[in-house]
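Enquirer: Take a look at this one; I'll ask things after.
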Amino acid sequence: MSFQNDKSDAAKPAEKPGDPNNPEALVRFMMTEWKPQAKPLPKPVAATDFHARRRAALSERFPGEVLIIPTGHEKVRANDTYYRFRPGSDFFYLTGNTEPDCVLVLTPRHGGGHDSHLFVEPNPGRASETFYTDRKKGELWVGARLGVEQSRARYGVDFAHPLEALKAFLEQHPIARVLRGFSHLTDGVVPRRDEGKPDDELATFLSEHRLVKDALEIKELKKVIDATKRGFEDIIRVLPKASSEREVEGTFNLRARVEGQDVGYGTIAASGANACILHWTRNDAGLKKKDLILIDAGVEGHALYTADITRTLPISGKFSKAQRTIYELVWRAQQAALAEVKPGNDFMAPNLAASKVLAQGLKDLDILPTSVEDALRPEHLFFKRWSLHNVSHMLGLDVHDCAKAREEVYRYGKLEPGMVLTVEPGLYFQLDDLRVPAKYRGIGVRIEDDVLVTESGMKNLSASIPSEAGAVEAWMKGVWKKKAR
Ligand code: GLY
Ligand code: MN
Ligand code: MN
């Protein structure tokens, strides 16, 4: 399944940050009589070594070249209001910095390797009137930015500079590879070469480097998966009284904001036949006790890793016979897929295993009109009328992680220890599908777990979130018995 993760809004924002109506005298007055601020340098973030190692890998891949990785800018939501800023994943992966507008530049060092230069918004404190006059960046409007020297200390880069020095710096390095589509500053100043090929290679390397997670990334993924479990339990707790999909979405999103940064993607809370619409994020329907609700949601943590979990729950706490039949078929397909997650297997092996189970199940239910073999042929794939999507994608900083990796190393590549992927088969019977017995129409089921490839096989990181039908019913009952935490 594919969500837009679009950072391409690189156009320069049109708004003027200052308020022209401030009387001069007021601005002068605002500059006086503030207690001097002591600003000790902050401690480095705990992950500094990891970021440095990732920059070293990048340096090694592009020796002697200038590399430019911006984080992007805040995006206008309406007029002078902005969406909450989310750093560019590659920039964050290399620095740990979360402020908007920043840019990382790696310049080659004499004798090998690179220097890291981090361009950040300065924090002038009360020394510049902008603390009050700049609505977009001023401390009294949006809170303090970390500042230049502070950023160098905190993120462990070799040099930090104010953003206003970026343009001149880039003009001195006109031949460079740029991570494009994030920033008008860097896209505008550094010319594209060879139809963008050098830039594409930079994006591809970063995506491919992120395919195998390091220990820090795995720790962060575990954290957000555990938080997501708590979010699902919050939902179960409110389900008996909830009247709408929005209430379900809001309940999960509260957990995401309390424990993490945000949700990693728009929460899908799809009840009844809405579950048959893959990216149902409108979530504007009421809930009916007899229906299932498909919830596809993930907490994005403070380190920006996201979970991506789907559970399909009976709103009443009990599956009907028809719901259970379809649910168990999807669950068996998922078990078959999970068994294929091991190093050396094709990335597509879990997909194939799930497809076989689904096709056989659809045949047994007299829904598939052809033989199973015929339906599975790559030139047919008839079973996909009801399963619609493949079962896996990489997971990490982005819900659909590593999207710029080449097909030969991702889709047609092999699984390796340290990769984290989803396993998420589904079946979706549209209300108007005449191939499907009436009792199954309007049922949509997806079960999605997040899985780490290990040296010997795999570890299901979300295994503690019940998925087998009976276990789901028992889980719901258990949550309803427990008092709210
Ligand atoms: N939540 C999007 C997906 O499952 O891929
Ligand atoms: Mn999902
Ligand atoms: Mn997914």
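Ordered as shown in the structure tokens, chains take letters A, B, and onward, while each chain numbers its residues from 1 and ligands are numbered from 1 in the order shown.
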Please report, as CSV, each residue of chain A lying at most 10 Å from ligand 2, together with the nearest pair of atoms and the separation in Å rounded to one decimal; use only C-alpha atoms and all ligand atoms, and order rows by chain and ascending residue number.
Expert:
```
residue,atom,partner,partner_atom_place_in_ligand_line,distance
A:Met1,CA,ligand 2,1 (Mn),7.6
A:Ser2,CA,ligand 2,1 (Mn),9.4
A:Phe3,CA,ligand 2,1 (Mn),9.7
A:Gly264,CA,ligand 2,1 (Mn),9.8
A:Tyr265,CA,ligand 2,1 (Mn),8.6
A:Gly266,CA,ligand 2,1 (Mn),9.7
A:Thr267,CA,ligand 2,1 (Mn),8.7
A:Ile268,CA,ligand 2,1 (Mn),8.2
A:Leu278,CA,ligand 2,1 (Mn),9.5
A:His279,CA,ligand 2,1 (Mn),9.1
A:Ile295,CA,ligand 2,1 (Mn),8.4
A:Asp296,CA,ligand 2,1 (Mn),4.8
A:Ala297,CA,ligand 2,1 (Mn),6.2
A:Gly298,CA,ligand 2,1 (Mn),7.6
A:Ala307,CA,ligand 2,1 (Mn),8.4
A:Asp308,CA,ligand 2,1 (Mn),4.7
A:Ile309,CA,ligand 2,1 (Mn),5.3
A:Thr310,CA,ligand 2,1 (Mn),5.6
A:Arg311,CA,ligand 2,1 (Mn),9.3
A:Ser392,CA,ligand 2,1 (Mn),9.8
A:His393,CA,ligand 2,1 (Mn),9.6
A:Val399,CA,ligand 2,1 (Mn),8.0
A:His400,CA,ligand 2,1 (Mn),9.3
A:Thr422,CA,ligand 2,1 (Mn),8.0
A:Val423,CA,ligand 2,1 (Mn),9.4
A:Glu424,CA,ligand 2,1 (Mn),7.5
A:Arg446,CA,ligand 2,1 (Mn),8.8
A:Ile447,CA,ligand 2,1 (Mn),8.8
A:Glu448,CA,ligand 2,1 (Mn),6.5
A:Asp449,CA,ligand 2,1 (Mn),8.6
A:Asp450,CA,ligand 2,1 (Mn),9.5
```
Enquirer: Would you pick out the contacts of Lys404 in chain A at 9 Å or less, using only C-alpha atoms, so that residues sharing its chain but fewer than 5 positions from it are not included, and give the list as JSON, numbers by chain?
Expert: {"A": [200, 203, 204, 205, 206, 207, 208]}
Enquirer: Kindly save the residues from that selection, with all heavy atoms included, as a CSV table (one decimal), in the first residue's frame.
Expert:
```csv
chain,number,residue,atom,x,y,z
A,200,ASP,N,20.3,11.6,-8.1
A,200,ASP,CA,19.5,10.3,-7.9
A,200,ASP,C,20.3,9.3,-7.2
A,200,ASP,O,19.8,8.5,-6.3
A,200,ASP,CB,19.0,9.8,-9.2
A,200,ASP,CG,17.9,10.7,-9.8
A,200,ASP,OD1,17.4,11.6,-9.1
A,200,ASP,OD2,17.7,10.5,-11.0
A,203,ALA,N,20.3,9.9,-3.5
A,203,ALA,CA,19.1,9.5,-2.8
A,203,ALA,C,19.0,7.9,-2.7
A,203,ALA,O,18.6,7.4,-1.7
A,203,ALA,CB,17.9,10.0,-3.6
A,204,THR,N,19.4,7.3,-3.8
A,204,THR,CA,19.4,5.8,-3.8
A,204,THR,C,20.3,5.2,-2.8
A,204,THR,O,19.9,4.3,-2.1
A,204,THR,CB,19.8,5.3,-5.2
A,204,THR,OG1,18.8,5.8,-6.2
A,204,THR,CG2,19.8,3.8,-5.3
A,205,PHE,N,21.5,5.8,-2.7
A,205,PHE,CA,22.4,5.2,-1.7
A,205,PHE,C,21.8,5.3,-0.3
A,205,PHE,O,21.9,4.4,0.5
A,205,PHE,CB,23.8,5.9,-1.7
A,205,PHE,CG,24.7,5.5,-0.6
A,205,PHE,CD1,25.4,4.3,-0.7
A,205,PHE,CD2,24.7,6.2,0.6
A,205,PHE,CE1,26.1,3.8,0.4
A,205,PHE,CE2,25.5,5.8,1.7
A,205,PHE,CZ,26.2,4.6,1.6
A,206,LEU,N,21.3,6.5,0.0
A,206,LEU,CA,20.7,6.7,1.4
A,206,LEU,C,19.6,5.7,1.6
A,206,LEU,O,19.5,5.1,2.7
A,206,LEU,CB,20.2,8.1,1.6
A,206,LEU,CG,21.4,9.1,1.7
A,206,LEU,CD1,20.9,10.6,1.5
A,206,LEU,CD2,22.1,9.0,3.1
A,207,SER,N,18.7,5.5,0.6
A,207,SER,CA,17.6,4.6,0.8
A,207,SER,C,18.1,3.2,1.0
A,207,SER,O,17.6,2.4,1.8
A,207,SER,CB,16.7,4.6,-0.5
A,207,SER,OG,15.5,5.2,-0.2
A,208,GLU,N,19.1,2.8,0.3
A,208,GLU,CA,19.6,1.4,0.3
A,208,GLU,C,20.4,1.2,1.6
A,208,GLU,O,20.4,0.1,2.2
A,208,GLU,CB,20.5,1.1,-0.9
A,208,GLU,CG,19.6,1.0,-2.1
A,208,GLU,CD,20.3,0.7,-3.4
A,208,GLU,OE1,21.6,0.5,-3.4
A,208,GLU,OE2,19.7,0.7,-4.5
```
Enquirer: Would you please work out which residue, of A:Ile277, A:Val103, A:Leu221, A:Met476, is nearest to Gly301 in chain A when using only C-alpha atoms?
Expert: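 With only C-alpha atoms as the atom set, the closest residue is A:Leu221.
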Enquirer: Ranking A:Gly426, A:Pro466, A:Gly478, A:Gly72 by minimum distance to ligand 1 and counting only C-alpha atoms and all ligand atoms, which one comes first?
Expert: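 Among A:Gly426, A:Pro466, A:Gly478, A:Gly72, it is A:Gly426 that comes nearest to ligand 1.
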Enquirer: For each of A:Leu211, A:Leu452, A:Leu287, A:Leu415, take the minimum atom-to-atom distance to Cys402 in chain A, counting only C-alpha atoms, then give the residue where this is smallest.
Expert: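 Among A:Leu211, A:Leu452, A:Leu287, A:Leu415, it is A:Leu211 that comes nearest to Cys402 in chain A.
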Enquirer: Quick one: DSSP strand (DSSP E) residues in range 22-90 of chain A, as an MDAnalysis selection string?
Expert: chainID A and resid 66:70 76:78 81:82
Enquirer: Which residue is closest to ligand 1? Choose from A:Asn123, A:Asn390, A:Ser467, A:Asn22 and count only C-alpha atoms and all ligand atoms.
Expert: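 Using only C-alpha atoms and all ligand atoms, ligand 1 sits closest to A:Asn390.
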Enquirer: Taking the backbone alone, and naming residues the way the document does, which bits of range 11-156 of chain A are helix (DSSP H, G or I) by DSSP, as a ChimeraX atom specification?
Expert: /A:24-30,48-61,89-95,125-127,130-133,139-142,148-155
Enquirer: Given the choices A:Arg210, A:Arg55, A:Lys481, A:His161, which gets closest to Ala405 in chain A if the distance is worked out from only C-alpha atoms?
Expert: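 Selected residue with least distance to Ala405 in chain A: A:Arg210.
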Enquirer: Env of Ala168 in chain A: 12 Å cut, atoms = only C-alpha atoms, seq-sep filter 5 positions within chain, self excluded. Answer as JSON, numbers by chain.
Expert: {"A": [119, 161, 162, 163, 173, 174, 185, 186, 189, 190]}
Enquirer: Now that the selection is made, can you save its residues with all heavy atoms as a PDB file, in the first residue's frame?
Expert:
```pdb
ATOM      1  N   PHE A 119      24.051  23.562   8.828  1.00  0.00           N
ATOM      2  CA  PHE A 119      23.526  24.936   8.750  1.00  0.00           C
ATOM      3  C   PHE A 119      22.203  24.991   9.492  1.00  0.00           C
ATOM      4  O   PHE A 119      21.276  24.237   9.173  1.00  0.00           O
ATOM      5  CB  PHE A 119      23.354  25.359   7.290  1.00  0.00           C
ATOM      6  CG  PHE A 119      24.675  25.567   6.593  1.00  0.00           C
ATOM      7  CD1 PHE A 119      25.398  24.481   6.107  1.00  0.00           C
ATOM      8  CD2 PHE A 119      25.203  26.848   6.447  1.00  0.00           C
ATOM      9  CE1 PHE A 119      26.627  24.663   5.490  1.00  0.00           C
ATOM     10  CE2 PHE A 119      26.429  27.046   5.829  1.00  0.00           C
ATOM     11  CZ  PHE A 119      27.152  25.952   5.351  1.00  0.00           C
ATOM     12  N   HIS A 161      26.994  26.359  11.179  1.00  0.00           N
ATOM     13  CA  HIS A 161      26.965  27.709  10.629  1.00  0.00           C
ATOM     14  C   HIS A 161      25.530  28.232  10.664  1.00  0.00           C
ATOM     15  O   HIS A 161      24.591  27.438  10.610  1.00  0.00           O
ATOM     16  CB  HIS A 161      27.393  27.714   9.154  1.00  0.00           C
ATOM     17  CG  HIS A 161      28.633  26.943   8.865  1.00  0.00           C
ATOM     18  ND1 HIS A 161      29.885  27.489   8.896  1.00  0.00           N
ATOM     19  CD2 HIS A 161      28.802  25.641   8.523  1.00  0.00           C
ATOM     20  CE1 HIS A 161      30.784  26.566   8.574  1.00  0.00           C
ATOM     21  NE2 HIS A 161      30.146  25.435   8.349  1.00  0.00           N
ATOM     22  N   PRO A 162      25.378  29.561  10.679  1.00  0.00           N
ATOM     23  CA  PRO A 162      24.016  30.100  10.567  1.00  0.00           C
ATOM     24  C   PRO A 162      23.492  29.880   9.139  1.00  0.00           C
ATOM     25  O   PRO A 162      24.265  29.907   8.177  1.00  0.00           O
ATOM     26  CB  PRO A 162      24.191  31.587  10.856  1.00  0.00           C
ATOM     27  CG  PRO A 162      25.631  31.875  10.598  1.00  0.00           C
ATOM     28  CD  PRO A 162      26.395  30.604  10.839  1.00  0.00           C
ATOM     29  N   LEU A 163      22.195  29.693   9.021  1.00  0.00           N
ATOM     30  CA  LEU A 163      21.612  29.424   7.698  1.00  0.00           C
ATOM     31  C   LEU A 163      21.897  30.530   6.689  1.00  0.00           C
ATOM     32  O   LEU A 163      22.009  30.276   5.499  1.00  0.00           O
ATOM     33  CB  LEU A 163      20.100  29.243   7.844  1.00  0.00           C
ATOM     34  CG  LEU A 163      19.648  27.795   8.005  1.00  0.00           C
ATOM     35  CD1 LEU A 163      18.187  27.753   8.426  1.00  0.00           C
ATOM     36  CD2 LEU A 163      19.856  27.011   6.715  1.00  0.00           C
ATOM     37  N   HIS A 173      30.767  25.818  -3.796  1.00  0.00           N
ATOM     38  CA  HIS A 173      30.813  24.375  -4.092  1.00  0.00           C
ATOM     39  C   HIS A 173      29.753  24.038  -5.135  1.00  0.00           C
ATOM     40  O   HIS A 173      28.806  23.301  -4.852  1.00  0.00           O
ATOM     41  CB  HIS A 173      30.554  23.555  -2.827  1.00  0.00           C
ATOM     42  CG  HIS A 173      31.555  23.774  -1.749  1.00  0.00           C
ATOM     43  ND1 HIS A 173      31.348  24.620  -0.699  1.00  0.00           N
ATOM     44  CD2 HIS A 173      32.787  23.259  -1.576  1.00  0.00           C
ATOM     45  CE1 HIS A 173      32.415  24.620   0.096  1.00  0.00           C
ATOM     46  NE2 HIS A 173      33.301  23.808  -0.418  1.00  0.00           N
ATOM     47  N   PRO A 174      29.894  24.606  -6.343  1.00  0.00           N
ATOM     48  CA  PRO A 174      28.807  24.447  -7.328  1.00  0.00           C
ATOM     49  C   PRO A 174      28.674  23.025  -7.863  1.00  0.00           C
ATOM     50  O   PRO A 174      27.630  22.668  -8.387  1.00  0.00           O
ATOM     51  CB  PRO A 174      29.205  25.411  -8.450  1.00  0.00           C
ATOM     52  CG  PRO A 174      30.686  25.569  -8.308  1.00  0.00           C
ATOM     53  CD  PRO A 174      31.017  25.382  -6.866  1.00  0.00           C
ATOM     54  N   LEU A 185      16.191  26.324  -1.084  1.00  0.00           N
ATOM     55  CA  LEU A 185      17.518  26.915  -0.889  1.00  0.00           C
ATOM     56  C   LEU A 185      18.569  26.119  -1.659  1.00  0.00           C
ATOM     57  O   LEU A 185      19.325  26.669  -2.467  1.00  0.00           O
ATOM     58  CB  LEU A 185      17.897  26.910   0.590  1.00  0.00           C
ATOM     59  CG  LEU A 185      17.044  27.754   1.525  1.00  0.00           C
ATOM     60  CD1 LEU A 185      17.433  27.521   2.977  1.00  0.00           C
ATOM     61  CD2 LEU A 185      17.207  29.227   1.176  1.00  0.00           C
ATOM     62  N   THR A 186      18.576  24.824  -1.421  1.00  0.00           N
ATOM     63  CA  THR A 186      19.618  24.005  -2.042  1.00  0.00           C
ATOM     64  C   THR A 186      19.285  23.675  -3.492  1.00  0.00           C
ATOM     65  O   THR A 186      20.162  23.681  -4.349  1.00  0.00           O
ATOM     66  CB  THR A 186      19.838  22.723  -1.230  1.00  0.00           C
ATOM     67  OG1 THR A 186      18.588  22.063  -1.044  1.00  0.00           O
ATOM     68  CG2 THR A 186      20.422  23.028   0.125  1.00  0.00           C
ATOM     69  N   VAL A 189      20.197  26.797  -5.695  1.00  0.00           N
ATOM     70  CA  VAL A 189      21.566  27.320  -5.804  1.00  0.00           C
ATOM     71  C   VAL A 189      22.491  26.358  -6.553  1.00  0.00           C
ATOM     72  O   VAL A 189      23.355  26.807  -7.316  1.00  0.00           O
ATOM     73  CB  VAL A 189      22.144  27.615  -4.387  1.00  0.00           C
ATOM     74  CG1 VAL A 189      23.591  28.078  -4.476  1.00  0.00           C
ATOM     75  CG2 VAL A 189      21.311  28.671  -3.696  1.00  0.00           C
ATOM     76  N   VAL A 190      22.310  25.059  -6.342  1.00  0.00           N
ATOM     77  CA  VAL A 190      23.257  24.104  -6.937  1.00  0.00           C
ATOM     78  C   VAL A 190      22.666  23.547  -8.227  1.00  0.00           C
ATOM     79  O   VAL A 190      21.610  22.915  -8.205  1.00  0.00           O
ATOM     80  CB  VAL A 190      23.558  22.944  -5.951  1.00  0.00           C
ATOM     81  CG1 VAL A 190      24.617  22.013  -6.531  1.00  0.00           C
ATOM     82  CG2 VAL A 190      23.998  23.496  -4.618  1.00  0.00           C
TER      83      VAL A 190
END
```
Enquirer: May I ask for the distance between CA of Ala160 in chain A and CA of Leu118 in chain A, given in Å to one decimal place?
Expert: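 Interatomic distance here is 4.6 Å.
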Enquirer: Neighbouring residues of Lys439 in chain A were defined as those with any atom within 12 Å, considering only C-alpha atoms; residues of the same chain fewer than 4 positions away were excluded. Please report them as a list in words.
Expert: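 Answer for this query is Ser320, Lys321, Ala322, Gln323, Arg324, Thr325, Ile326, Leu365, Phe429, Gln430, Leu431, Asp432, Asp433, Leu434, Arg435 and Ile443 of chain A.
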Enquirer: Just the residues within 9 Å of Lys290 in chain A, please, counting only C-alpha atoms, with nothing from its chain fewer than 3 positions along; format it as a VMD selection string.
Expert: chain A and resid 272 287 314 to 316 318 to 320
Enquirer: What is the distance, in Å and to one decimal place, between CA of Val436 in chain A and CA of Ala349 in chain A?
Expert: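 Those two atoms sit 27.8 Å apart.
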